[in-house]
Amino acid sequence: MSEALAREPRTSRRHDREILALAVPAFGALVAEPLFLMVDTAIVGHLGTAQLAGLGVAGPLLTTAVGVFVFLAYATTAAVSRRVGAGDLPAAIRQGMDGIWLALLLGSAVALAVLAGAPALVDLFGASPEAAPHATTYLRISALGIPAMLAVLAATGVLRGLQNSRTPLYVAVAGFAANAALNLAFVYGAGWGIAGSAWGTVAAQAAMAAAYLTVVVRGARRHGASLRPDAAGIRACAQAGVPLLVRTLALRAVMMISIAVAARLGDQEVAANQIVTSLWNLLAFALDAIAIAGQSIIGRYLGADDADEARAVCRRMVQWGIVTGVVLGGLVVLSQPLFTPLFTSDADVRDLLVPALLVAAISQPVAGVVFVLDGVLMGAGDGPYLAWAMLAVLAVFAPLALLVPTLGGGLTALWGAMTVMMTARLVTLWLRVRSGRWIVTGAVRG
C-alpha cells in the first residue's frame, strides 16, 4: 500500500508533464481562433453600433458554418493518436491526409452555400434593418475563406494526433498578427469599413492553411504516406465524424438560439451579447487546451492498450479543469472594468454587458470540467454517446432560452440559461466517464 501511495505522486507528476507539454502550446493556438473574432469586434465596434450589431449576427454565423465541422480536428486527433500509440506512423499520417481532403471538399460546398444564402441567413437570425447590410457584407466576403478554415482544422488534428502542438502555436500566432494588421489596414487605412475586416480575416486564414499544409505534406513524404485522395479513406473519415457532427450541431444550435434571442431583445443587447460571446469563446478555447491534450494522450494510451494510464490521466485532467476554471472566472471578474471599454463606447451596451459577464464568469469551474471530459471522450472515439448527450442538453436549454423575451431578465437571464446548459452537460459527461464504457483499446476503435 505504501509503495502504491508513493508511486501515485510520481505518476501525477508524469501526467502533469505530458499534459503541460501539449496543453501550453495548444492554449496559444486555440485562443488565436476567438482572438480573430475579438480583433474584428474591437475594430468594427468603433465604426458604430449598427456595424457591431451586424458583426454580432454574421460573426457567429460564420463561426457556426466552420465550427460544425470541428470533427475534422477532433476525430482526426483521436484516430491519428491511436495509430501513434500502436506504433504505425505511416498509417497515422495517411489517415490524417484523408481528413484534409475531406476538409477541402466540405469547405468548397459550404462556401458556395453561404455565398448564396447570406441575406436569408442574416434575416433568419433577426438582424435589424440597420445592421442587416453590414452582416451580409461581412458574411459573403468571409465565406471565401471557409475552405482554408476547414483545412486548418484537419491539419491541426493531424499534428495534435502526432503529439505536436508547437507547430499549430507558431502558425496561429503568425496568423493572429497578420489578421490584426490586415484588419487595421483595410478597415481604417483603405477605408473599406466592415468589408475590410472580412477581407483581412480571409487573407490571414488562407496563409495559415498554406503553412499547415506545407508541414503535413513534408511529413507525409518523409514517412512514405500517399498524398493522393483515397475515396475509401475519405468516406471512412466522414462516417467516423457523423456522431461528432451531430454533437457539434446540437452545441451550435445552443449558441444560435442564444444569438437569435439576443437579436430579438434589441441592437444594444445583440451588441453586448457579441462581446460576451467573444469572451466566452476565448475562455472556452483556453479550457479546451487541456481537453486537446487529453484527446492526444488518451488516444495514444488506448492505442497502446494501456487502459489504466488512460483512466489515471483522465482523473488528473479533471483536477486541472477545475483549477483552471476557477482561475479564469476570477480573472474575468477582476479585469472586466479594464477590458469592456476596449469593445464599445456605448454606455447602454456596457450596462447590459457587466451582469452578463459576471454570470459567464461564475460558470467557468463547471465549464472547466465539461471541456476536459468532452476531450477525454473524444480522444476515446466515443462520438455516439457525445451526440446523444448533447441532443439531450439542447432539449433542456432551448425552452429556457426561448422564454427569456417573455419572462424578462434580458441578457443576464439568457446567460443564466447558458449556465444551466453547461451544468446539464457536466452531468451527462460525468455519468459516462464513471461508467468506464468509453474505454476501448486498440489501434482502431471497434
# chains A, B, ... in the order shown; residues from 1 in each chain; ligands from 1
$ closest_atom_pairs --of "segment 246-337 of chain A" --to "segment 38-41 of chain A" --cutoff "10 Å" --atoms "only C-alpha atoms" --output "Markdown table"
| residue | atom | partner | partner_atom | distance |
| --- | --- | --- | --- | --- |
| A:Ala271 | CA | A:Thr41 | CA | 9.5 |
| A:Gln274 | CA | A:Thr41 | CA | 8.0 |
| A:Ile275 | CA | A:Thr41 | CA | 7.5 |
| A:Thr277 | CA | A:Met38 | CA | 9.5 |
| A:Ser278 | CA | A:Met38 | CA | 5.9 |
| A:Leu279 | CA | A:Met38 | CA | 7.8 |
| A:Asn281 | CA | A:Met38 | CA | 9.5 |
| A:Leu282 | CA | A:Met38 | CA | 8.6 |
$ residues_around --residues "segment 321-329 of chain A" --least-positions-apart "3" --cutoff "7 Å" --atoms "only C-alpha atoms" --output "list of chain:residue names"
A:Leu287, A:Met317, A:Val318, A:Val332, A:Val333, A:Ala361, A:Ile362, A:Gln364, A:Pro365, A:Ala367, A:Gly368, A:Val369, A:Val372
$ closest_atom_pairs --of "segment 352-437 of chain A" --to "segment 240-264 of chain A" --cutoff "9 Å" --atoms "only C-alpha atoms" --output "CSV"
residue,atom,partner,partner_atom,distance
A:Met378,CA,A:Leu244,CA,8.4
A:Gly381,CA,A:Ala240,CA,8.7
A:Asp382,CA,A:Pro243,CA,8.8
A:Gly383,CA,A:Pro243,CA,5.2
A:Pro384,CA,A:Pro243,CA,5.1
A:Tyr385,CA,A:Pro243,CA,8.2
A:Leu386,CA,A:Arg247,CA,6.0
A:Ala387,CA,A:Arg247,CA,4.1
A:Trp388,CA,A:Arg247,CA,7.3
A:Ala389,CA,A:Arg247,CA,7.9
A:Met390,CA,A:Arg247,CA,5.6
A:Leu391,CA,A:Ala250,CA,5.8
A:Val393,CA,A:Ala250,CA,8.3
A:Leu394,CA,A:Ala250,CA,6.2
A:Phe397,CA,A:Val254,CA,7.1
A:Ala398,CA,A:Val254,CA,7.0
A:Ala401,CA,A:Ser258,CA,6.7
A:Leu402,CA,A:Val261,CA,6.6
A:Val404,CA,A:Val261,CA,7.6
A:Pro405,CA,A:Val261,CA,7.2
A:Gly410,CA,A:Ala262,CA,8.1
A:Leu411,CA,A:Ala262,CA,6.8
A:Leu414,CA,A:Ser258,CA,6.9
A:Trp415,CA,A:Ser258,CA,8.3
A:Met418,CA,A:Ser258,CA,8.2
A:Met421,CA,A:Val254,CA,8.5
$ residues_around --residues "Gly375 of chain A" --least-positions-apart "2" --cutoff "12 Å" --atoms "only C-alpha atoms" --output "PyMOL selection string"
chain A and resi 23+71+73-75+77-78+244+285+287-299+313-314+317-318+321+368-373+377-383+386+429+433+438
$ atom_distance --atom1 "atom CA of Ala86 of chain A" --atom2 "atom CA of Ala155 of chain A"
20.7 Å
$ residues_around --residues "Ala65 of chain A" --least-positions-apart "6" --cutoff "12 Å" --atoms "only C-alpha atoms" --output "PyMOL selection string"
chain A and resi 58-59+106-115+117-118+121+139+142-147+149-150+245+248-249+252-253+256
$ closest_atom_pairs --of "segment 41-156 of chain A" --to "segment 215-232 of chain A" --cutoff "12 Å" --atoms "only C-alpha atoms" --output "CSV"
residue,atom,partner,partner_atom,distance
A:Asp88,CA,A:His223,CA,10.5
A:Leu89,CA,A:His223,CA,7.6
A:Pro90,CA,A:Ala225,CA,5.6
A:Ala91,CA,A:Ala225,CA,7.4
A:Ala92,CA,A:Ala225,CA,9.0
A:Ile93,CA,A:Ala220,CA,6.2
A:Arg94,CA,A:Ala225,CA,5.5
A:Gln95,CA,A:Ala225,CA,9.2
A:Gly96,CA,A:Val216,CA,8.7
A:Met97,CA,A:Leu227,CA,6.7
A:Asp98,CA,A:Pro229,CA,6.6
A:Gly99,CA,A:Pro229,CA,9.6
A:Ile100,CA,A:Pro229,CA,9.2
A:Trp101,CA,A:Pro229,CA,6.3
A:Leu102,CA,A:Pro229,CA,8.8
A:Ala103,CA,A:Pro229,CA,11.5
A:Leu104,CA,A:Pro229,CA,10.8
A:Leu105,CA,A:Pro229,CA,10.7
A:Ala151,CA,A:Val216,CA,11.1
A:Val152,CA,A:Val216,CA,10.8
A:Ala154,CA,A:Val216,CA,10.3
A:Ala155,CA,A:Val216,CA,6.9
A:Thr156,CA,A:Val216,CA,9.2
$ residues_around --residues "Leu184 of chain A" --least-positions-apart "6" --cutoff "10 Å" --atoms "only C-alpha atoms" --output "short mmCIF file (atom, residue, chain, number, x, y, z; two decimals) with N, CA, C and O atoms, in the first residue's frame"
data_model
loop_
_atom_site.label_atom_id
_atom_site.label_comp_id
_atom_site.auth_asym_id
_atom_site.auth_seq_id
_atom_site.Cartn_x
_atom_site.Cartn_y
_atom_site.Cartn_z
N VAL A 39 -10.63 40.58 -32.35
CA VAL A 39 -9.98 41.70 -33.05
C VAL A 39 -10.98 42.37 -33.98
O VAL A 39 -11.10 43.60 -34.03
N ASP A 40 -11.72 41.54 -34.73
CA ASP A 40 -12.76 42.10 -35.60
C ASP A 40 -13.77 42.91 -34.79
O ASP A 40 -14.19 43.99 -35.20
N ILE A 43 -12.24 46.28 -33.59
CA ILE A 43 -12.04 47.23 -34.69
C ILE A 43 -13.39 47.71 -35.24
O ILE A 43 -13.61 48.91 -35.42
N VAL A 44 -14.29 46.77 -35.49
CA VAL A 44 -15.59 47.13 -36.05
C VAL A 44 -16.44 47.89 -35.04
O VAL A 44 -17.23 48.76 -35.40
N ALA A 190 -7.49 51.67 -45.71
CA ALA A 190 -8.13 51.68 -47.02
C ALA A 190 -9.55 52.22 -46.98
O ALA A 190 -10.13 52.49 -48.03
N GLY A 191 -10.11 52.34 -45.78
CA GLY A 191 -11.47 52.87 -45.65
C GLY A 191 -12.55 51.92 -46.12
O GLY A 191 -13.62 52.36 -46.55
N GLY A 193 -14.26 49.79 -44.28
CA GLY A 193 -15.27 49.51 -43.28
C GLY A 193 -15.32 48.04 -42.89
O GLY A 193 -14.30 47.35 -42.85
N GLY A 196 -13.52 45.47 -45.04
CA GLY A 196 -12.08 45.34 -44.83
C GLY A 196 -11.75 44.34 -43.75
O GLY A 196 -10.77 43.59 -43.84
N SER A 197 -12.58 44.31 -42.69
CA SER A 197 -12.38 43.34 -41.62
C SER A 197 -12.52 41.92 -42.15
O SER A 197 -11.73 41.03 -41.81
N GLY A 200 -9.48 40.99 -44.42
CA GLY A 200 -8.29 40.73 -43.63
C GLY A 200 -8.29 39.34 -43.04
O GLY A 200 -7.26 38.63 -43.03
#
$ residues_around --residues "segment 50-54 of chain A" --least-positions-apart "5" --cutoff "9 Å" --atoms "only C-alpha atoms" --output "PyMOL selection string"
chain A and resi 41-42+44-45+59+122+127-128+130-136+138+193-194+263+267-272+274+344
